[in-house]
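For reference, data08.txt is printed below; it contains compact mmCIF, C-alpha atoms and all ligand atoms.
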# COMPACT_ATOMS: atom_id res chain seq x y z
CA MET A 1 11.95 43.06 -29.98
CA LEU A 2 11.61 40.46 -27.27
CA ARG A 3 9.77 42.90 -25.08
CA LEU A 4 7.39 43.70 -27.90
CA LEU A 5 6.78 39.99 -28.45
CA GLY A 6 6.13 39.57 -24.73
CA PHE A 7 3.64 42.40 -24.86
CA VAL A 8 1.81 40.99 -27.86
CA LEU A 9 1.75 37.52 -26.30
CA GLY A 10 0.57 38.97 -23.00
CA ALA A 11 -2.25 40.81 -24.73
CA ALA A 12 -3.22 37.64 -26.61
CA ILE A 13 -3.30 35.59 -23.41
CA LEU A 14 -5.37 38.30 -21.73
CA THR A 15 -7.86 38.16 -24.59
CA ILE A 16 -8.05 34.36 -24.39
CA ALA A 17 -8.52 34.53 -20.62
CA GLN A 18 -11.37 37.01 -21.07
CA ASP A 19 -12.90 34.87 -23.78
CA THR A 20 -12.91 31.70 -21.69
CA LYS A 21 -14.41 33.65 -18.83
CA LYS A 22 -17.34 34.70 -20.95
CA GLU A 23 -17.89 31.32 -22.56
CA GLU A 24 -20.35 29.16 -20.62
CA ILE A 25 -19.95 25.56 -21.69
CA VAL A 26 -23.06 23.40 -21.82
CA LEU A 27 -22.42 19.67 -21.46
CA PRO A 28 -24.34 17.16 -23.59
CA THR A 29 -26.70 14.70 -21.89
CA SER A 30 -27.76 12.19 -24.59
CA ALA A 31 -26.93 8.50 -24.20
CA GLU A 32 -24.83 8.63 -27.40
CA ASP A 33 -22.76 11.51 -26.10
CA LEU A 34 -22.18 9.73 -22.80
CA ALA A 35 -21.20 6.52 -24.61
CA THR A 36 -18.67 8.44 -26.71
CA GLY A 37 -17.49 10.18 -23.53
CA LYS A 38 -16.92 6.81 -21.90
CA LYS A 39 -14.91 5.56 -24.88
CA LEU A 40 -12.73 8.67 -24.79
CA TYR A 41 -12.35 8.43 -21.02
CA ASP A 42 -11.36 4.76 -21.15
CA GLY A 43 -8.77 5.56 -23.80
CA SER A 44 -7.24 8.70 -22.34
CA CYS A 45 -8.04 9.04 -18.66
CA GLN A 46 -8.74 5.77 -16.88
CA LEU A 47 -5.09 4.82 -16.70
CA CYS A 48 -4.66 7.58 -14.11
CA HIS A 49 -8.18 8.09 -12.75
CA GLY A 50 -9.35 4.48 -12.60
CA PRO A 51 -12.16 2.76 -14.53
CA GLN A 52 -14.79 4.05 -12.06
CA GLY A 53 -13.12 7.44 -11.71
CA ASP A 54 -12.23 6.73 -8.11
CA GLY A 55 -8.63 7.64 -8.65
CA GLY A 56 -5.22 6.06 -8.75
CA LYS A 57 -2.27 7.99 -9.95
CA GLY A 58 -4.77 10.76 -10.72
CA ALA A 59 -7.33 12.45 -8.50
CA ASN A 60 -10.52 10.79 -7.30
CA LEU A 61 -13.25 12.03 -9.65
CA ALA A 62 -16.05 10.07 -7.96
CA VAL A 63 -16.93 12.88 -5.57
CA PRO A 64 -20.04 15.04 -5.29
CA LYS A 65 -17.99 18.18 -5.98
CA LEU A 66 -14.62 18.37 -7.77
CA ALA A 67 -12.13 20.55 -5.92
CA ARG A 68 -10.69 22.13 -9.07
CA ALA A 69 -13.80 22.15 -11.20
CA ALA A 70 -16.78 23.70 -9.45
CA THR A 71 -18.65 24.41 -12.69
CA ASP A 72 -19.12 22.54 -15.98
CA SER A 73 -17.06 25.21 -17.74
CA ASP A 74 -14.18 24.76 -15.29
CA LEU A 75 -14.37 21.01 -15.76
CA ALA A 76 -14.18 21.29 -19.56
CA ARG A 77 -11.32 23.79 -19.31
CA ILE A 78 -9.29 21.55 -16.98
CA ILE A 79 -9.73 18.61 -19.33
CA GLU A 80 -8.71 20.73 -22.30
CA VAL A 81 -5.57 22.36 -20.88
CA GLY A 82 -4.69 20.11 -17.92
CA ILE A 83 -3.40 21.45 -14.60
CA PRO A 84 0.00 23.10 -15.10
CA GLY A 85 2.68 21.93 -12.71
CA THR A 86 0.94 18.60 -12.05
CA GLU A 87 0.77 15.28 -13.85
CA MET A 88 -2.67 16.15 -15.21
CA PRO A 89 -2.10 16.59 -18.96
CA GLY A 90 -4.23 18.62 -21.35
CA ALA A 91 -6.38 16.66 -23.82
CA TYR A 92 -4.99 18.59 -26.78
CA HIS A 93 -5.78 15.65 -29.04
CA MET A 94 -9.52 16.13 -28.53
CA VAL A 95 -11.80 18.57 -30.28
CA LYS A 96 -14.16 20.78 -28.24
CA LYS A 97 -17.14 18.45 -28.71
CA GLU A 98 -15.18 15.45 -27.46
CA ILE A 99 -14.05 17.41 -24.42
CA THR A 100 -17.65 18.17 -23.48
CA GLN A 101 -18.54 14.48 -23.97
CA VAL A 102 -15.72 13.34 -21.65
CA ALA A 103 -16.70 16.01 -19.13
CA ALA A 104 -20.32 14.83 -19.18
CA TYR A 105 -19.15 11.26 -18.59
CA VAL A 106 -16.83 12.34 -15.75
CA LYS A 107 -19.82 13.93 -14.03
CA THR A 108 -21.57 10.55 -13.90
CA PHE A 109 -18.89 9.33 -11.47
CA ALA A 110 -20.29 11.58 -8.77
CA LYS A 111 -22.95 8.99 -7.99
CA PHE A 112 -20.44 6.20 -7.29
CA THR A 113 -19.76 5.85 -3.59
CA PRO A 114 -16.14 6.72 -3.06
CA GLU A 115 -13.89 4.28 -1.28
CA LYS A 116 -14.52 4.27 2.47
CA VAL A 117 -11.46 5.07 4.49
CA PRO A 118 -11.36 3.54 7.92
CA GLY A 119 -9.04 5.08 10.44
CA ASP A 120 -8.71 8.24 12.47
CA PRO A 121 -6.88 11.18 10.84
CA ALA A 122 -5.79 12.66 14.20
CA LYS A 123 -4.17 9.41 15.26
CA GLY A 124 -2.68 9.12 11.77
CA ARG A 125 -1.10 12.53 12.15
CA ALA A 126 0.63 11.29 15.29
CA VAL A 127 2.02 8.32 13.32
CA TYR A 128 3.15 10.69 10.56
CA LEU A 129 5.02 12.93 12.98
CA GLY A 130 6.17 10.20 15.39
CA LYS A 131 6.79 6.57 14.58
CA GLY A 132 6.63 7.05 10.79
CA GLY A 133 9.19 9.84 10.74
CA CYS A 134 7.57 11.04 7.53
CA GLN A 135 8.23 14.72 8.13
CA ALA A 136 11.97 14.18 7.76
CA CYS A 137 11.37 13.77 4.01
CA HIS A 138 7.97 15.32 3.26
CA THR A 139 6.32 18.71 3.66
CA THR A 140 2.75 19.41 4.82
CA THR A 141 1.04 22.66 5.75
CA GLY A 142 1.88 23.80 9.28
CA ALA A 143 -0.30 25.77 11.70
CA ASP A 144 1.01 29.07 10.27
CA GLY A 145 0.04 28.05 6.73
CA LEU A 146 3.66 27.54 5.65
CA LEU A 147 5.12 24.23 4.52
CA VAL A 148 7.05 22.28 7.15
CA GLY A 149 9.28 19.26 6.64
CA GLY A 150 12.07 17.89 4.48
CA LEU A 151 12.50 18.13 0.71
CA THR A 152 13.75 14.63 -0.08
CA GLY A 153 10.25 13.42 -0.91
CA PRO A 154 7.39 15.23 -2.68
CA ASP A 155 5.15 17.74 -0.91
CA LEU A 156 2.11 16.03 0.62
CA SER A 157 0.11 19.13 1.59
CA THR A 158 -2.65 18.37 -0.97
CA ILE A 159 -2.00 14.66 -1.54
CA GLY A 160 -5.52 13.64 -0.44
CA GLY A 161 -7.01 15.50 -3.40
CA ARG A 162 -4.56 14.02 -5.86
CA ARG A 163 -4.29 10.34 -4.98
CA SER A 164 -6.72 7.59 -4.04
CA ALA A 165 -6.51 5.82 -0.67
CA ALA A 166 -5.42 2.66 -2.48
CA HIS A 167 -2.55 4.48 -4.17
CA LEU A 168 -1.51 6.06 -0.85
CA ARG A 169 -1.46 2.65 0.79
CA GLU A 170 0.71 1.27 -1.98
CA SER A 171 3.09 4.26 -1.73
CA ILE A 172 3.68 3.43 1.93
CA VAL A 173 4.04 -0.35 1.82
CA ASP A 174 5.72 -0.55 -1.59
CA PRO A 175 7.24 2.85 -2.42
CA SER A 176 9.01 1.76 -5.59
CA ALA A 177 5.81 0.33 -7.16
CA SER A 178 4.83 3.67 -8.64
CA ILE A 179 7.18 6.59 -8.47
CA PRO A 180 5.63 9.96 -9.36
CA ASP A 181 6.82 11.41 -12.68
CA TYR A 182 8.14 14.48 -10.93
CA PHE A 183 10.45 12.55 -8.62
CA VAL A 184 13.74 11.72 -10.35
CA ASP A 185 16.67 10.16 -8.51
CA THR A 186 19.71 11.84 -10.06
CA THR A 187 23.45 11.26 -9.78
CA ALA A 188 26.00 13.76 -11.09
CA VAL A 189 29.55 12.53 -11.55
CA LEU A 190 31.77 15.60 -11.27
CA ALA A 191 35.04 16.19 -13.16
CA ASN A 192 37.03 15.05 -10.11
CA GLY A 193 35.05 11.80 -9.92
CA GLN A 194 32.92 12.86 -6.93
CA ARG A 195 29.34 11.53 -7.15
CA ILE A 196 26.40 13.57 -5.93
CA ASN A 197 23.18 11.61 -5.57
CA GLY A 198 19.77 12.90 -4.59
CA ARG A 199 16.49 14.27 -5.84
CA ARG A 200 16.45 16.55 -8.86
CA LEU A 201 14.92 19.82 -7.70
CA THR A 202 15.17 21.74 -10.96
CA GLU A 203 17.22 21.83 -14.14
CA ASP A 204 17.74 23.79 -17.32
CA THR A 205 20.18 23.67 -20.24
CA PHE A 206 23.13 24.78 -18.12
CA TYR A 207 22.45 23.89 -14.50
CA LEU A 208 21.00 21.11 -12.45
CA VAL A 209 20.06 21.38 -8.77
CA ILE A 210 20.28 18.18 -6.74
CA HIS A 211 18.93 17.94 -3.18
CA ASP A 212 21.11 15.18 -1.74
CA TYR A 213 19.72 12.59 0.65
CA GLN A 214 21.57 14.23 3.54
CA GLY A 215 19.59 17.42 2.90
CA ARG A 216 22.09 19.67 1.08
CA ASN A 217 21.47 21.40 -2.25
CA HIS A 218 24.10 21.22 -4.99
CA VAL A 219 24.14 23.40 -8.10
CA ILE A 220 25.78 21.37 -10.85
CA ASP A 221 27.29 22.99 -13.94
CA ARG A 222 26.23 20.49 -16.59
CA MET A 223 29.09 21.36 -18.97
CA SER A 224 31.74 20.46 -16.43
CA ALA A 225 30.05 17.31 -15.08
CA ARG A 226 31.44 14.05 -16.41
CA GLU A 227 28.11 12.26 -16.38
CA ILE A 228 24.51 12.75 -15.24
CA ILE A 229 22.55 9.60 -14.47
CA LYS A 230 18.79 9.54 -13.86
CA ASP A 231 17.08 6.55 -12.36
CA ARG A 232 13.29 6.80 -12.42
CA LYS A 233 12.93 3.48 -10.63
CA LYS A 234 14.96 4.28 -7.53
CA THR A 235 13.57 5.82 -4.36
CA PRO A 236 15.07 6.52 -0.96
CA MET A 237 11.67 6.04 0.70
CA PRO A 238 11.76 2.96 2.92
CA SER A 239 8.90 0.45 2.81
CA TYR A 240 6.74 0.52 5.95
CA LYS A 241 5.45 -2.96 5.33
CA GLY A 242 5.52 -4.82 8.65
CA LYS A 243 6.78 -1.71 10.46
CA LEU A 244 3.35 -0.22 11.12
CA SER A 245 0.38 -2.15 12.51
CA ALA A 246 -2.81 -2.45 10.42
CA ASP A 247 -4.45 0.21 12.61
CA GLU A 248 -1.52 2.58 12.35
CA LEU A 249 -1.55 2.20 8.57
CA ASP A 250 -5.32 2.86 8.35
CA ASN A 251 -4.96 5.93 10.56
CA LEU A 252 -2.01 7.21 8.54
CA ILE A 253 -3.97 6.83 5.28
CA ALA A 254 -6.99 8.60 6.78
CA PHE A 255 -4.64 11.47 7.72
CA LEU A 256 -3.15 11.64 4.19
CA VAL A 257 -6.63 11.53 2.61
CA SER A 258 -7.56 14.55 4.77
CA LEU A 259 -4.73 16.65 3.33
CA ARG A 260 -6.41 18.83 0.73
CA GLU A 261 -6.35 22.28 -0.69
CA THR A 262 -7.94 24.62 1.84
CA LYS A 263 -9.32 27.27 -0.51
C1 LIG B 1 -0.97 10.98 -16.44
C2 LIG B 1 -2.08 10.89 -15.52
C3 LIG B 1 -3.37 11.59 -15.86
C4 LIG B 1 -4.12 11.49 -17.02
C5 LIG B 1 -3.83 10.69 -18.27
C6 LIG B 1 -5.30 12.29 -16.79
N1 LIG B 1 -5.25 12.86 -15.55
FE1 LIG B 1 -6.68 14.04 -14.73
N2 LIG B 1 -5.47 14.38 -13.13
C7 LIG B 1 -4.28 13.75 -12.89
C8 LIG B 1 -3.73 14.22 -11.63
C9 LIG B 1 -2.41 13.80 -11.01
C10 LIG B 1 -4.65 15.16 -11.12
C11 LIG B 1 -4.53 15.97 -9.84
C12 LIG B 1 -3.71 17.18 -10.13
C13 LIG B 1 -3.53 18.05 -8.89
O1 LIG B 1 -4.52 18.69 -8.51
O2 LIG B 1 -2.44 18.06 -8.37
C14 LIG B 1 -5.74 15.23 -12.09
C15 LIG B 1 -6.84 16.04 -11.93
C16 LIG B 1 -7.97 15.97 -12.73
C17 LIG B 1 -9.20 16.70 -12.49
C18 LIG B 1 -9.46 17.66 -11.35
C19 LIG B 1 -9.95 16.88 -10.15
C20 LIG B 1 -10.46 17.76 -9.01
O3 LIG B 1 -10.46 17.24 -7.86
O4 LIG B 1 -10.86 18.90 -9.23
C21 LIG B 1 -10.07 16.33 -13.47
C22 LIG B 1 -11.49 16.80 -13.63
C23 LIG B 1 -9.37 15.39 -14.33
N3 LIG B 1 -8.10 15.20 -13.86
C24 LIG B 1 -9.94 14.79 -15.44
C25 LIG B 1 -9.22 14.04 -16.38
C26 LIG B 1 -9.76 13.58 -17.64
C27 LIG B 1 -11.19 13.74 -18.08
C28 LIG B 1 -8.73 12.96 -18.29
C29 LIG B 1 -8.73 12.34 -19.69
C30 LIG B 1 -9.06 13.24 -20.77
C31 LIG B 1 -7.56 13.00 -17.42
N4 LIG B 1 -7.90 13.68 -16.29
C32 LIG B 1 -6.32 12.44 -17.72
C33 LIG B 1 -3.67 12.81 -13.69
C34 LIG B 1 -4.09 12.46 -14.95
C1 LIG B 2 13.86 8.87 3.48
C2 LIG B 2 12.84 9.78 2.98
C3 LIG B 2 11.37 9.39 3.08
C4 LIG B 2 10.67 9.01 4.21
C5 LIG B 2 11.18 8.79 5.61
C6 LIG B 2 9.29 8.87 3.78
N1 LIG B 2 9.17 9.15 2.45
FE1 LIG B 2 7.47 9.13 1.36
N2 LIG B 2 8.53 9.47 -0.34
C7 LIG B 2 9.88 9.75 -0.40
C8 LIG B 2 10.27 9.89 -1.79
C9 LIG B 2 11.67 10.19 -2.27
C10 LIG B 2 9.11 9.70 -2.57
C11 LIG B 2 8.97 9.79 -4.10
C12 LIG B 2 9.42 8.48 -4.74
C13 LIG B 2 8.49 7.34 -4.41
O1 LIG B 2 7.32 7.36 -4.80
O2 LIG B 2 8.93 6.44 -3.69
C14 LIG B 2 8.03 9.43 -1.62
C15 LIG B 2 6.71 9.22 -2.00
C16 LIG B 2 5.65 9.20 -1.10
C17 LIG B 2 4.26 9.18 -1.48
C18 LIG B 2 3.72 9.19 -2.90
C19 LIG B 2 3.53 10.60 -3.36
C20 LIG B 2 2.81 10.67 -4.68
O3 LIG B 2 2.78 11.77 -5.26
O4 LIG B 2 2.27 9.66 -5.13
C21 LIG B 2 3.53 9.17 -0.31
C22 LIG B 2 2.03 9.16 -0.18
C23 LIG B 2 4.47 9.16 0.78
N3 LIG B 2 5.75 9.18 0.26
C24 LIG B 2 4.12 9.14 2.10
C25 LIG B 2 5.02 8.93 3.15
C26 LIG B 2 4.63 8.66 4.52
C27 LIG B 2 3.21 8.65 5.02
C28 LIG B 2 5.79 8.47 5.21
C29 LIG B 2 5.92 8.07 6.68
C30 LIG B 2 5.23 6.86 7.09
C31 LIG B 2 6.90 8.62 4.29
N4 LIG B 2 6.40 8.89 3.05
C32 LIG B 2 8.24 8.53 4.62
C33 LIG B 2 10.73 9.83 0.68
C34 LIG B 2 10.43 9.47 1.98
Can I see the file as structure tokens?
Ligand code: HEC
Ligand code: HEC
Amino acid sequence: MLRLLGFVLGAAILTIAQDTKKEEIVLPTSAEDLATGKKLYDGSCQLCHGPQGDGGKGANLAVPKLARAATDSDLARIIEVGIPGTEMPGAYHMVKKEITQVAAYVKTFAKFTPEKVPGDPAKGRAVYLGKGGCQACHTTTGADGLLVGGLTGPDLSTIGGRRSAAHLRESIVDPSASIPDYFVDTTAVLANGQRINGRRLTEDTFYLVIHDYQGRNHVIDRMSAREIIKDRKKTPMPSYKGKLSADELDNLIAFLVSLRETK
């Protein structure tokens, strides 16, 4: 029964995928459409992407070419369904016409000059690996294309495409100011009273996996744990305020901005 359902669902998804492939979306260009697009953008998107689209918690949209949306159809599709596995939500509350209006408005950001980033990425990389000690907690893409680094903090291998320079700066000098939704400090109190504290790696109805701040993974059986405490405000990342010079910070940010998807 389940297998049959899976098959039917699979076939349906395949059909949808083929449909969206065929469908070329044409974006509106009239002043009214753009004004409506702006209203929708200000209501649903600017909180993450910034009033001028130059990013924040969300990606910088004020670029000549969007990394994930090379065509108008891709852009509309991303806005409609979001980007699975990231904080980019789907605009399921909008009808197709509204989605094309927002997309058309998003495209107007391309003419804004994106924030200039001073600093030298190569020198910043040296700070990242050396004085900053960032690799102890974060992964980036190594020379062999595989991720290298620790798992305590989020992966940074494409952070430059996802966050603005201003947000990156804030993350380094004031890490608790905005903690990504996907990072959750979690403590499990076991039946014997032992407390395990670290980053939640994954969880389901029965199990929870915590990566503790010493680097070990713990599989917790939820039924037998006495208590599970989540603190979305707590981070083990130290503030680098006053620990890096202004130049070192600029270089480090230039390095982070350079970390993008290489496809
Ligand atoms: C909760 C925060 C959030 C909201 C709200 C949000 N986004 Fe995003 N968006 C993101 C993040 C984060 C990314 C980057 C995802 C990634 O690639 O990892 C992103 C990526 C994108 C991209 C792809 C950028 C690229 O470089 O290709 C587009 C386009 C986009 N968002 C448009 C929108 C629009 C339009 C809206 C409003 C309808 C919106 N977003 C609402 C967080 C958000
Ligand atoms: C002790 C571990 C630790 C060290 C060392 C550390 N970080 Fe972090 N970092 C984290 C954790 C945990 C988070 C997620 C919670 C938060 O935002 O503070 C984080 C978040 C971040 C973010 C925000 C990611 C996002 O998606 O917005 C950036 C950027 C970042 N770190 C860069 C750095 C850089 C650069 C260094 C070195 C100068 C560094 N970190 C050192 C643990 C660490």
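Atom to atom, CA of Gln194 (chain A) and CA of Tyr207 (chain A) stand 17.0 Å apart.
Distance-wise, CA of Thr152 (chain A) and CA of His167 (chain A) end up 19.6 Å apart.
Using all atoms listed in the file, the protein and nucleic acid residues lying no more than 10 Å from Asp33 (chain A), apart from those fewer than 6 places from it along its own chain, are Leu27, Lys39, Lys97, Glu98, Thr100, Gln101, Val102, Ala104 and Tyr105 of chain A.
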Please report, as JSON, the centre and edge lengths in Å to one decimal of an axis-aligned box covering all listed atoms of ligand LIG 1 (chain B) with 3 Å per side.
{"center_x": -6.2, "center_y": 14.8, "center_z": -14.3, "size_x": 16.5, "size_y": 14.2, "size_z": 18.9}
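Candidate residues A:Cys48, A:Val26, A:Ala188, A:Leu168 were compared for distance to ligand LIG 1 (chain B), and the nearest is A:Cys48, using only C-alpha atoms and all ligand atoms.
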Quiz item: Once you count only C-alpha atoms and all ligand atoms, which residues end up within 7 Å of ligand LIG 2 (chain B), and could you hand them over as JSON, numbers by chain?
Solution: {"A": [57, 128, 132, 133, 134, 136, 137, 138, 152, 153, 154, 156, 159, 163, 168, 171, 172, 175, 176, 178, 179, 180, 183, 235, 236, 237, 238, 240, 252]}
Export, as a tab-separated table (two decimals), in the frame of the given file, the selected residues with C-alpha atoms.
chain	number	residue	atom	x	y	z
A	57	LYS	CA	-2.27	7.99	-9.95
A	128	TYR	CA	3.15	10.69	10.56
A	132	GLY	CA	6.63	7.05	10.79
A	133	GLY	CA	9.19	9.84	10.74
A	134	CYS	CA	7.57	11.04	7.53
A	136	ALA	CA	11.97	14.18	7.76
A	137	CYS	CA	11.37	13.77	4.01
A	138	HIS	CA	7.97	15.32	3.26
A	152	THR	CA	13.75	14.63	-0.08
A	153	GLY	CA	10.25	13.42	-0.91
A	154	PRO	CA	7.39	15.23	-2.68
A	156	LEU	CA	2.11	16.03	0.62
A	159	ILE	CA	-2.00	14.66	-1.54
A	163	ARG	CA	-4.29	10.34	-4.98
A	168	LEU	CA	-1.51	6.06	-0.85
A	171	SER	CA	3.09	4.26	-1.73
A	172	ILE	CA	3.68	3.43	1.93
A	175	PRO	CA	7.24	2.85	-2.42
A	176	SER	CA	9.01	1.76	-5.59
A	178	SER	CA	4.83	3.67	-8.64
A	179	ILE	CA	7.18	6.59	-8.47
A	180	PRO	CA	5.63	9.96	-9.36
A	183	PHE	CA	10.45	12.55	-8.62
A	235	THR	CA	13.57	5.82	-4.36
A	236	PRO	CA	15.07	6.52	-0.96
A	237	MET	CA	11.67	6.04	0.70
A	238	PRO	CA	11.76	2.96	2.92
A	240	TYR	CA	6.74	0.52	5.95
A	252	LEU	CA	-2.01	7.21	8.54
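Residues of protein or nucleic acid lying within 6 Å of ligand LIG 1 (chain B), counting all atoms listed in the file, are Tyr41, Ser44, Cys45, Cys48, Lys57, Gly58, Ala59, Leu61, Leu66, Ala67, Arg68, Ala69, Leu75, Ile79, Thr86, Glu87, Met88, Pro89, Ala91, Val102, Gly161 and Arg162 of chain A.
Distances from A:Ile220, A:Gln214, A:Thr71, A:Ala165 to Asp54 (chain A) were compared using all atoms listed in the file, and the smallest one belongs to A:Ala165.
One finds CA of His93 (chain A) at 19.4 Å from CA of Pro28 (chain A).
Each of A:Asp247, A:Glu203, A:Asp42, A:Asp231 was checked against His218 (chain A) using all atoms listed in the file; the smallest atom-to-atom distance is that of A:Glu203.
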